file data22.cif (mmCIF, C-alpha atoms and all ligand atoms)
data_coords
loop_
_atom_site.label_atom_id
_atom_site.label_comp_id
_atom_site.auth_asym_id
_atom_site.auth_seq_id
_atom_site.Cartn_x
_atom_site.Cartn_y
_atom_site.Cartn_z
CA MET N 298 -37.40 57.39 32.94
CA LEU N 299 -37.98 57.91 29.21
CA ARG N 300 -38.81 54.59 27.51
CA VAL N 301 -37.01 54.59 24.17
CA GLY N 302 -37.46 52.27 21.20
CA ILE N 303 -34.93 52.30 18.37
CA LEU N 304 -35.77 51.37 14.77
CA VAL N 305 -32.86 50.29 12.59
CA SER N 306 -32.11 48.69 9.21
CA GLY N 307 -28.36 48.23 9.13
CA GLY N 308 -25.12 48.27 11.06
CA GLY N 309 -26.40 50.22 14.01
CA THR N 310 -23.46 52.49 14.78
CA ASN N 311 -25.91 55.19 15.85
CA LEU N 312 -27.66 52.65 18.07
CA GLN N 313 -24.25 51.84 19.58
CA ALA N 314 -23.57 55.54 20.20
CA ILE N 315 -26.88 55.76 22.10
CA LEU N 316 -26.16 52.64 24.19
CA ASP N 317 -22.65 53.93 25.00
CA ALA N 318 -24.02 57.35 25.94
CA ILE N 319 -26.49 55.77 28.37
CA ASP N 320 -23.72 53.59 29.84
CA ASN N 321 -21.34 56.52 30.34
CA GLY N 322 -23.96 58.95 31.62
CA THR N 323 -24.05 61.29 28.62
CA ILE N 324 -27.74 60.41 28.36
CA THR N 325 -29.64 60.37 31.65
CA ASN N 326 -33.25 59.46 32.51
CA ALA N 327 -33.65 57.19 29.48
CA SER N 328 -33.64 53.45 28.87
CA VAL N 329 -33.71 51.55 25.58
CA GLU N 330 -36.57 49.07 25.82
CA VAL N 331 -36.43 47.55 22.35
CA VAL N 332 -34.60 47.59 19.03
CA ILE N 333 -36.77 46.78 16.01
CA SER N 334 -35.42 46.06 12.52
CA ASN N 335 -37.04 45.34 9.16
CA ASN N 336 -33.98 43.30 8.30
CA ALA N 337 -33.16 40.07 10.14
CA GLY N 338 -29.50 40.35 9.12
CA ALA N 339 -29.03 43.83 10.57
CA TYR N 340 -25.96 43.86 12.81
CA ALA N 341 -27.85 46.39 14.94
CA LEU N 342 -29.97 43.48 16.28
CA GLU N 343 -26.80 41.75 17.43
CA ARG N 344 -25.69 44.92 19.21
CA ALA N 345 -29.04 44.99 21.03
CA ARG N 346 -28.79 41.33 22.07
CA LYS N 347 -25.24 41.86 23.36
CA HIS N 348 -26.68 44.61 25.53
CA ASN N 349 -29.55 42.40 26.79
CA ILE N 350 -32.09 44.58 25.02
CA ALA N 351 -35.13 43.06 23.29
CA ALA N 352 -34.30 42.67 19.57
CA GLU N 353 -37.27 42.28 17.24
CA CYS N 354 -37.44 41.78 13.50
CA LEU N 355 -40.46 42.63 11.37
CA SER N 356 -39.84 42.19 7.68
CA PRO N 357 -42.34 43.52 5.12
CA LYS N 358 -41.68 40.28 3.19
CA GLU N 359 -43.46 38.28 5.91
CA PHE N 360 -46.73 40.14 5.31
CA SER N 361 -49.15 39.90 2.43
CA ASP N 362 -49.22 43.66 1.88
CA ARG N 363 -47.81 46.91 3.19
CA GLU N 364 -50.91 47.73 5.23
CA GLU N 365 -50.59 44.45 7.14
CA PHE N 366 -46.91 45.18 7.81
CA ASN N 367 -47.76 48.71 8.96
CA GLN N 368 -50.37 47.43 11.42
CA ALA N 369 -47.92 44.84 12.78
CA LEU N 370 -45.22 47.50 13.18
CA ILE N 371 -47.58 49.79 15.09
CA ALA N 372 -48.79 46.90 17.29
CA LYS N 373 -45.19 45.93 18.07
CA VAL N 374 -44.20 49.50 18.94
CA ASP N 375 -47.38 49.96 21.04
CA SER N 376 -46.64 46.81 23.02
CA TYR N 377 -43.49 48.43 24.51
CA HIS N 378 -45.33 51.56 25.78
CA LEU N 379 -42.64 53.86 24.43
CA ASP N 380 -42.23 57.57 25.14
CA LEU N 381 -39.78 58.10 22.27
CA ILE N 382 -39.09 56.29 19.01
CA VAL N 383 -35.68 56.88 17.43
CA LEU N 384 -35.13 56.18 13.75
CA ALA N 385 -31.43 55.34 13.62
CA GLY N 386 -30.85 54.40 10.00
CA PHE N 387 -34.37 52.96 9.55
CA LEU N 388 -35.02 52.85 5.82
CA VAL N 389 -38.74 52.02 5.90
CA LYS N 390 -41.37 54.74 5.50
CA ILE N 391 -43.24 55.26 8.78
CA PRO N 392 -47.01 54.82 8.32
CA GLU N 393 -48.98 58.09 8.59
CA SER N 394 -51.25 56.63 11.27
CA MET N 395 -48.16 55.90 13.40
CA ILE N 396 -46.85 59.44 12.91
CA ALA N 397 -50.22 60.82 14.06
CA LYS N 398 -50.35 58.48 17.04
CA TYR N 399 -46.78 59.33 18.11
CA ARG N 400 -46.80 63.04 17.16
CA ASN N 401 -43.53 64.69 18.35
CA LYS N 402 -42.42 61.35 19.78
CA ILE N 403 -40.51 60.09 16.74
CA ILE N 404 -37.08 61.50 15.87
CA ASN N 405 -34.76 60.74 12.96
CA ILE N 406 -31.06 61.19 12.24
CA HIS N 407 -30.23 62.31 8.70
CA PRO N 408 -26.64 62.52 7.41
CA SER N 409 -26.75 66.03 5.92
CA LEU N 410 -27.57 69.59 6.92
CA ILE N 411 -31.30 69.62 6.08
CA PRO N 412 -32.65 71.10 3.77
CA SER N 413 -29.63 70.05 1.68
CA PHE N 414 -29.47 66.50 0.31
CA CYS N 415 -32.65 65.18 1.90
CA GLY N 416 -36.05 63.91 0.84
CA VAL N 417 -37.00 60.99 -1.39
CA GLY N 418 -33.99 58.93 -2.52
CA PHE N 419 -31.50 60.52 -0.13
CA TYR N 420 -30.36 57.93 2.37
CA GLY N 421 -27.10 56.36 3.49
CA LEU N 422 -24.16 56.72 1.09
CA LYS N 423 -26.34 58.39 -1.56
CA VAL N 424 -26.44 61.51 0.59
CA HIS N 425 -22.66 61.76 0.68
CA GLU N 426 -22.34 60.97 -3.06
CA ALA N 427 -24.68 63.88 -3.76
CA ALA N 428 -22.79 66.23 -1.45
CA LEU N 429 -19.48 65.39 -3.16
CA ALA N 430 -21.03 65.69 -6.64
CA ARG N 431 -22.31 69.19 -5.77
CA GLY N 432 -18.93 70.16 -4.39
CA VAL N 433 -20.10 71.50 -1.03
CA LYS N 434 -17.32 72.32 1.41
CA ILE N 435 -19.46 71.83 4.52
CA THR N 436 -21.94 69.05 5.21
CA GLY N 437 -23.10 67.51 8.50
CA ALA N 438 -26.03 65.83 10.18
CA THR N 439 -29.49 66.72 11.46
CA VAL N 440 -31.78 65.32 14.15
CA HIS N 441 -35.41 66.21 13.54
CA PHE N 442 -38.92 65.25 14.57
CA VAL N 443 -40.68 63.05 12.05
CA ASP N 444 -43.79 64.40 10.36
CA GLU N 445 -45.74 63.16 7.33
CA GLY N 446 -43.17 64.51 4.85
CA MET N 447 -39.73 63.10 4.03
CA ASP N 448 -37.09 64.72 6.28
CA SER N 449 -39.43 67.73 6.69
CA GLY N 450 -40.19 67.78 10.42
CA PRO N 451 -38.98 70.39 12.93
CA ILE N 452 -35.21 70.42 13.40
CA ILE N 453 -33.85 69.64 16.89
CA LEU N 454 -30.06 69.71 16.41
CA GLN N 455 -27.57 70.09 13.57
CA LYS N 456 -23.79 69.84 13.43
CA ALA N 457 -21.52 70.86 10.56
CA VAL N 458 -18.63 68.75 9.25
CA GLU N 459 -15.92 69.78 6.77
CA VAL N 460 -15.62 68.10 3.38
CA LEU N 461 -11.92 67.54 2.65
CA PRO N 462 -9.97 67.14 -0.62
CA GLY N 463 -9.80 63.49 -1.64
CA ASP N 464 -12.96 62.49 0.23
CA THR N 465 -14.82 59.46 -1.08
CA PRO N 466 -18.47 58.91 -0.09
CA GLU N 467 -17.30 56.28 2.40
CA ILE N 468 -14.66 58.51 4.00
CA LEU N 469 -17.11 61.41 4.23
CA GLN N 470 -19.83 59.17 5.68
CA ARG N 471 -17.49 58.01 8.41
CA ARG N 472 -16.42 61.59 9.28
CA VAL N 473 -20.07 62.75 9.42
CA MET N 474 -20.89 59.86 11.74
CA GLU N 475 -17.90 60.43 14.04
CA GLN N 476 -18.06 64.23 14.19
CA ALA N 477 -21.82 64.76 14.04
CA GLU N 478 -24.28 61.84 14.13
CA TRP N 479 -22.86 59.97 17.13
CA ILE N 480 -22.82 63.25 19.07
CA ILE N 481 -26.10 64.97 18.22
CA LEU N 482 -28.37 61.91 18.30
CA PRO N 483 -27.49 61.00 21.93
CA LYS N 484 -27.62 64.71 22.82
CA ALA N 485 -31.14 65.08 21.40
CA ILE N 486 -32.32 62.03 23.36
CA ASP N 487 -30.83 63.44 26.55
CA MET N 488 -32.54 66.79 25.92
CA ILE N 489 -35.91 65.09 25.45
CA ALA N 490 -35.39 62.79 28.46
CA ASN N 491 -34.66 65.79 30.65
CA GLY N 492 -37.34 68.13 29.36
CA ASN N 493 -34.88 70.47 27.68
CA ILE N 494 -36.81 70.78 24.47
C1 LIG N 501 -26.61 56.80 9.20
O1 LIG N 501 -25.62 57.51 8.52
C2 LIG N 501 -27.92 57.58 9.19
O2 LIG N 501 -27.72 58.96 9.30
C3 LIG N 501 -28.47 57.20 7.86
O3 LIG N 501 -28.22 55.82 7.76
C4 LIG N 501 -26.98 55.52 8.44
C5 LIG N 501 -27.21 54.36 9.37
O4 LIG N 501 -25.99 53.92 9.92
N1 LIG N 501 -29.86 57.50 7.74
C6 LIG N 501 -30.43 57.97 6.63
O5 LIG N 501 -29.84 58.14 5.58
C7 LIG N 501 -31.91 58.29 6.76
N2 LIG N 501 -32.38 59.05 5.63
P1 LIG N 501 -25.93 53.03 11.24
O6 LIG N 501 -26.85 51.83 11.02
O7 LIG N 501 -24.51 52.62 11.36
O8 LIG N 501 -26.39 53.88 12.40
#
call {"tool": "encode", "arguments": {"input": "data22.cif", "output": "structure tokens"}}
result
Amino acid sequence: MLRVGILVSGGGTNLQAILDAIDNGTITNASVEVVISNNAGAYALERARKHNIAAECLSPKEFSDREEFNQALIAKVDSYHLDLIVLAGFLVKIPESMIAKYRNKIINIHPSLIPSFCGVGFYGLKVHEAALARGVKITGATVHFVDEGMDSGPIILQKAVEVLPGDTPEILQRRVMEQAEWIILPKAIDMIANGNI
């Protein structure tokens, strides 16, 4: 059984997609052991509690500097003996020492077709604003392994989504979630849990 930890900052719809996929058998051989957020108000933590999953909050504000926060984050993650760490809308930079320690064991979901609209400053709605500003007709989502760069690790899965006339960033974000993110993130976890990658 793959022991999975999920790191989140916000609403946690991707977390919910993972929990649903485990419940309905789309993901097999995996269990979510903990959900960790940098933000105490993240609704994702509530989703975890409703599912009887350990919900932990570690806010950088509670620490005197970033290095102290980083060490606490690594210690917290270590304490759950995880096989896979999933960044599901986690907007904190992962410390390099954690990336080295968990090489090829951290995956991220990004709401565009990498290498478009990714890297520093591209997160959440900003990604969709940039896609609309450029006028692309196809966007999508990417699941990739996390390396030391920003959105630069090896790609695991991608799925394309159409941009439609009249789209706002919010409408496009929702379509990318429904048609891509909530499908490929659970699929990638199932592939890893079953040795298909
Ligand atoms: C998702 O769209 C995810 O792809 C994005 O944040 C959102 C989190 O939503 N992540 C990034 O932009 C990372 N660069 P959720 O909390 O509802 O899953």
call {"tool": "closest_atom_pairs", "arguments": {"input": "data22.cif", "of": "chain N", "to": "ligand LIG 501 (chain N)", "cutoff": "9 Å", "atoms": "all atoms listed in the file", "output": "JSON lines"}}
result
{"residue": "N:Val305", "atom": "CA", "partner": "N:LIG501", "partner_atom": "O6", "distance": 6.4}
{"residue": "N:Ser306", "atom": "CA", "partner": "N:LIG501", "partner_atom": "O6", "distance": 6.4}
{"residue": "N:Gly307", "atom": "CA", "partner": "N:LIG501", "partner_atom": "O6", "distance": 4.3}
{"residue": "N:Gly308", "atom": "CA", "partner": "N:LIG501", "partner_atom": "O6", "distance": 4.0}
{"residue": "N:Gly309", "atom": "CA", "partner": "N:LIG501", "partner_atom": "O6", "distance": 3.4}
{"residue": "N:Thr310", "atom": "CA", "partner": "N:LIG501", "partner_atom": "O7", "distance": 3.6}
{"residue": "N:Asn311", "atom": "CA", "partner": "N:LIG501", "partner_atom": "O8", "distance": 3.7}
{"residue": "N:Leu312", "atom": "CA", "partner": "N:LIG501", "partner_atom": "O8", "distance": 5.9}
{"residue": "N:Gln313", "atom": "CA", "partner": "N:LIG501", "partner_atom": "O8", "distance": 7.8}
{"residue": "N:Ala314", "atom": "CA", "partner": "N:LIG501", "partner_atom": "O8", "distance": 8.5}
{"residue": "N:Ala339", "atom": "CA", "partner": "N:LIG501", "partner_atom": "O6", "distance": 8.3}
{"residue": "N:Tyr340", "atom": "CA", "partner": "N:LIG501", "partner_atom": "O6", "distance": 8.2}
{"residue": "N:Ala341", "atom": "CA", "partner": "N:LIG501", "partner_atom": "O6", "distance": 6.8}
{"residue": "N:Leu384", "atom": "CA", "partner": "N:LIG501", "partner_atom": "C7", "distance": 8.0}
{"residue": "N:Ala385", "atom": "CA", "partner": "N:LIG501", "partner_atom": "O8", "distance": 5.4}
{"residue": "N:Gly386", "atom": "CA", "partner": "N:LIG501", "partner_atom": "C5", "distance": 3.7}
{"residue": "N:Phe387", "atom": "CA", "partner": "N:LIG501", "partner_atom": "C7", "distance": 6.5}
{"residue": "N:Leu388", "atom": "CA", "partner": "N:LIG501", "partner_atom": "C7", "distance": 6.3}
{"residue": "N:Asn405", "atom": "CA", "partner": "N:LIG501", "partner_atom": "C7", "distance": 7.3}
{"residue": "N:Ile406", "atom": "CA", "partner": "N:LIG501", "partner_atom": "O2", "distance": 5.0}
{"residue": "N:His407", "atom": "CA", "partner": "N:LIG501", "partner_atom": "O2", "distance": 4.2}
{"residue": "N:Pro408", "atom": "CA", "partner": "N:LIG501", "partner_atom": "O2", "distance": 4.2}
{"residue": "N:Ser409", "atom": "CA", "partner": "N:LIG501", "partner_atom": "O2", "distance": 7.9}
{"residue": "N:Cys415", "atom": "CA", "partner": "N:LIG501", "partner_atom": "N2", "distance": 7.2}
{"residue": "N:Gly416", "atom": "CA", "partner": "N:LIG501", "partner_atom": "N2", "distance": 7.7}
{"residue": "N:Val417", "atom": "CA", "partner": "N:LIG501", "partner_atom": "N2", "distance": 8.6}
{"residue": "N:Gly418", "atom": "CA", "partner": "N:LIG501", "partner_atom": "N2", "distance": 8.3}
{"residue": "N:Phe419", "atom": "CA", "partner": "N:LIG501", "partner_atom": "N2", "distance": 6.0}
{"residue": "N:Tyr420", "atom": "CA", "partner": "N:LIG501", "partner_atom": "O5", "distance": 3.3}
{"residue": "N:Gly421", "atom": "CA", "partner": "N:LIG501", "partner_atom": "O5", "distance": 3.9}
{"residue": "N:Leu422", "atom": "CA", "partner": "N:LIG501", "partner_atom": "O5", "distance": 7.4}
{"residue": "N:Lys423", "atom": "CA", "partner": "N:LIG501", "partner_atom": "O5", "distance": 8.0}
{"residue": "N:Val424", "atom": "CA", "partner": "N:LIG501", "partner_atom": "O5", "distance": 6.9}
{"residue": "N:Ala438", "atom": "CA", "partner": "N:LIG501", "partner_atom": "O2", "distance": 7.1}
{"residue": "N:Thr439", "atom": "CA", "partner": "N:LIG501", "partner_atom": "O2", "distance": 8.2}
{"residue": "N:Val440", "atom": "CA", "partner": "N:LIG501", "partner_atom": "O2", "distance": 9.0}
{"residue": "N:Met447", "atom": "CA", "partner": "N:LIG501", "partner_atom": "N2", "distance": 8.5}
{"residue": "N:Asp448", "atom": "CA", "partner": "N:LIG501", "partner_atom": "N2", "distance": 7.4}
{"residue": "N:Gln470", "atom": "CA", "partner": "N:LIG501", "partner_atom": "O1", "distance": 6.7}
{"residue": "N:Arg471", "atom": "CA", "partner": "N:LIG501", "partner_atom": "O1", "distance": 8.1}
{"residue": "N:Val473", "atom": "CA", "partner": "N:LIG501", "partner_atom": "O1", "distance": 7.7}
{"residue": "N:Met474", "atom": "CA", "partner": "N:LIG501", "partner_atom": "O1", "distance": 6.2}
{"residue": "N:Glu478", "atom": "CA", "partner": "N:LIG501", "partner_atom": "O2", "distance": 6.6}
{"residue": "N:Trp479", "atom": "CA", "partner": "N:LIG501", "partner_atom": "O8", "distance": 8.5}
call {"tool": "closest_residue", "arguments": {"input": "data22.cif", "among": "N:Val374, N:Ile453, N:Gly322, N:Ala345", "to": "N:Met488", "atoms": "all atoms listed in the file"}}
result
N:Ile453
call {"tool": "closest_residue", "arguments": {"input": "data22.cif", "among": "N:Arg431, N:Lys402, N:His348, N:His425", "to": "N:Glu330", "atoms": "all atoms listed in the file"}}
result
N:His348
call {"tool": "atom_distance", "arguments": {"input": "data22.cif", "atom1": "atom CA of N:Ile411", "atom2": "atom CA of N:Arg300"}}
result
27.2 Å
call {"tool": "closest_residue", "arguments": {"input": "data22.cif", "among": "N:Val389, N:Ala490, N:Ala477, N:Ala485", "to": "N:Asn336", "atoms": "all atoms listed in the file"}}
result
N:Val389
call {"tool": "closest_residue", "arguments": {"input": "data22.cif", "among": "N:Lys390, N:Arg344, N:His441, N:Lys373", "to": "N:Ile404", "atoms": "only C-alpha atoms"}}
result
N:His441
call {"tool": "atom_distance", "arguments": {"input": "data22.cif", "atom1": "atom CA of N:Asn335", "atom2": "atom CA of N:Thr436"}}
result
28.4 Å
call {"tool": "closest_residue", "arguments": {"input": "data22.cif", "among": "N:Gly463, N:Pro392, N:Glu353, N:Ala337", "to": "N:Ser376", "atoms": "all atoms listed in the file"}}
result
N:Glu353
call {"tool": "atom_distance", "arguments": {"input": "data22.cif", "atom1": "atom CA of N:Asp487", "atom2": "atom CA of N:Leu355"}}
result
27.5 Å
call {"tool": "closest_residue", "arguments": {"input": "data22.cif", "among": "N:Ala397, N:Val460, N:Ala428, N:Leu304", "to": "N:Ile333", "atoms": "only C-alpha atoms"}}
result
N:Leu304
call {"tool": "residues_around", "arguments": {"input": "data22.cif", "residues": "N:Ile303", "least_positions_apart": "4", "cutoff": "6 Å", "atoms": "all atoms listed in the file", "output": "list in words"}}
result
Val332, Ile382 and Val383 of chain N
call {"tool": "residues_near_point", "arguments": {"input": "data22.cif", "point": "(-36.1, 51.5, 30.9)", "cutoff": "8 Å", "atoms": "all atoms listed in the file", "output": "list of chain:residue names"}}
result
N:Met298, N:Leu299, N:Arg300, N:Val301, N:Ala327, N:Ser328, N:Val329, N:Glu330
call {"tool": "residues_around", "arguments": {"input": "data22.cif", "residues": "N:Thr465", "least_positions_apart": "3", "cutoff": "8 Å", "atoms": "all atoms listed in the file", "output": "ChimeraX atom specification"}}
result
/N:426,429,468-469
call {"tool": "write_last_selection", "arguments": {"input": "data22.cif", "atoms": "C-alpha atoms", "output": "CSV table (one decimal), keeping the file's coordinate frame"}}
result
chain,number,residue,atom,x,y,z
N,426,GLU,CA,-22.3,61.0,-3.1
N,429,LEU,CA,-19.5,65.4,-3.2
N,468,ILE,CA,-14.7,58.5,4.0
N,469,LEU,CA,-17.1,61.4,4.2
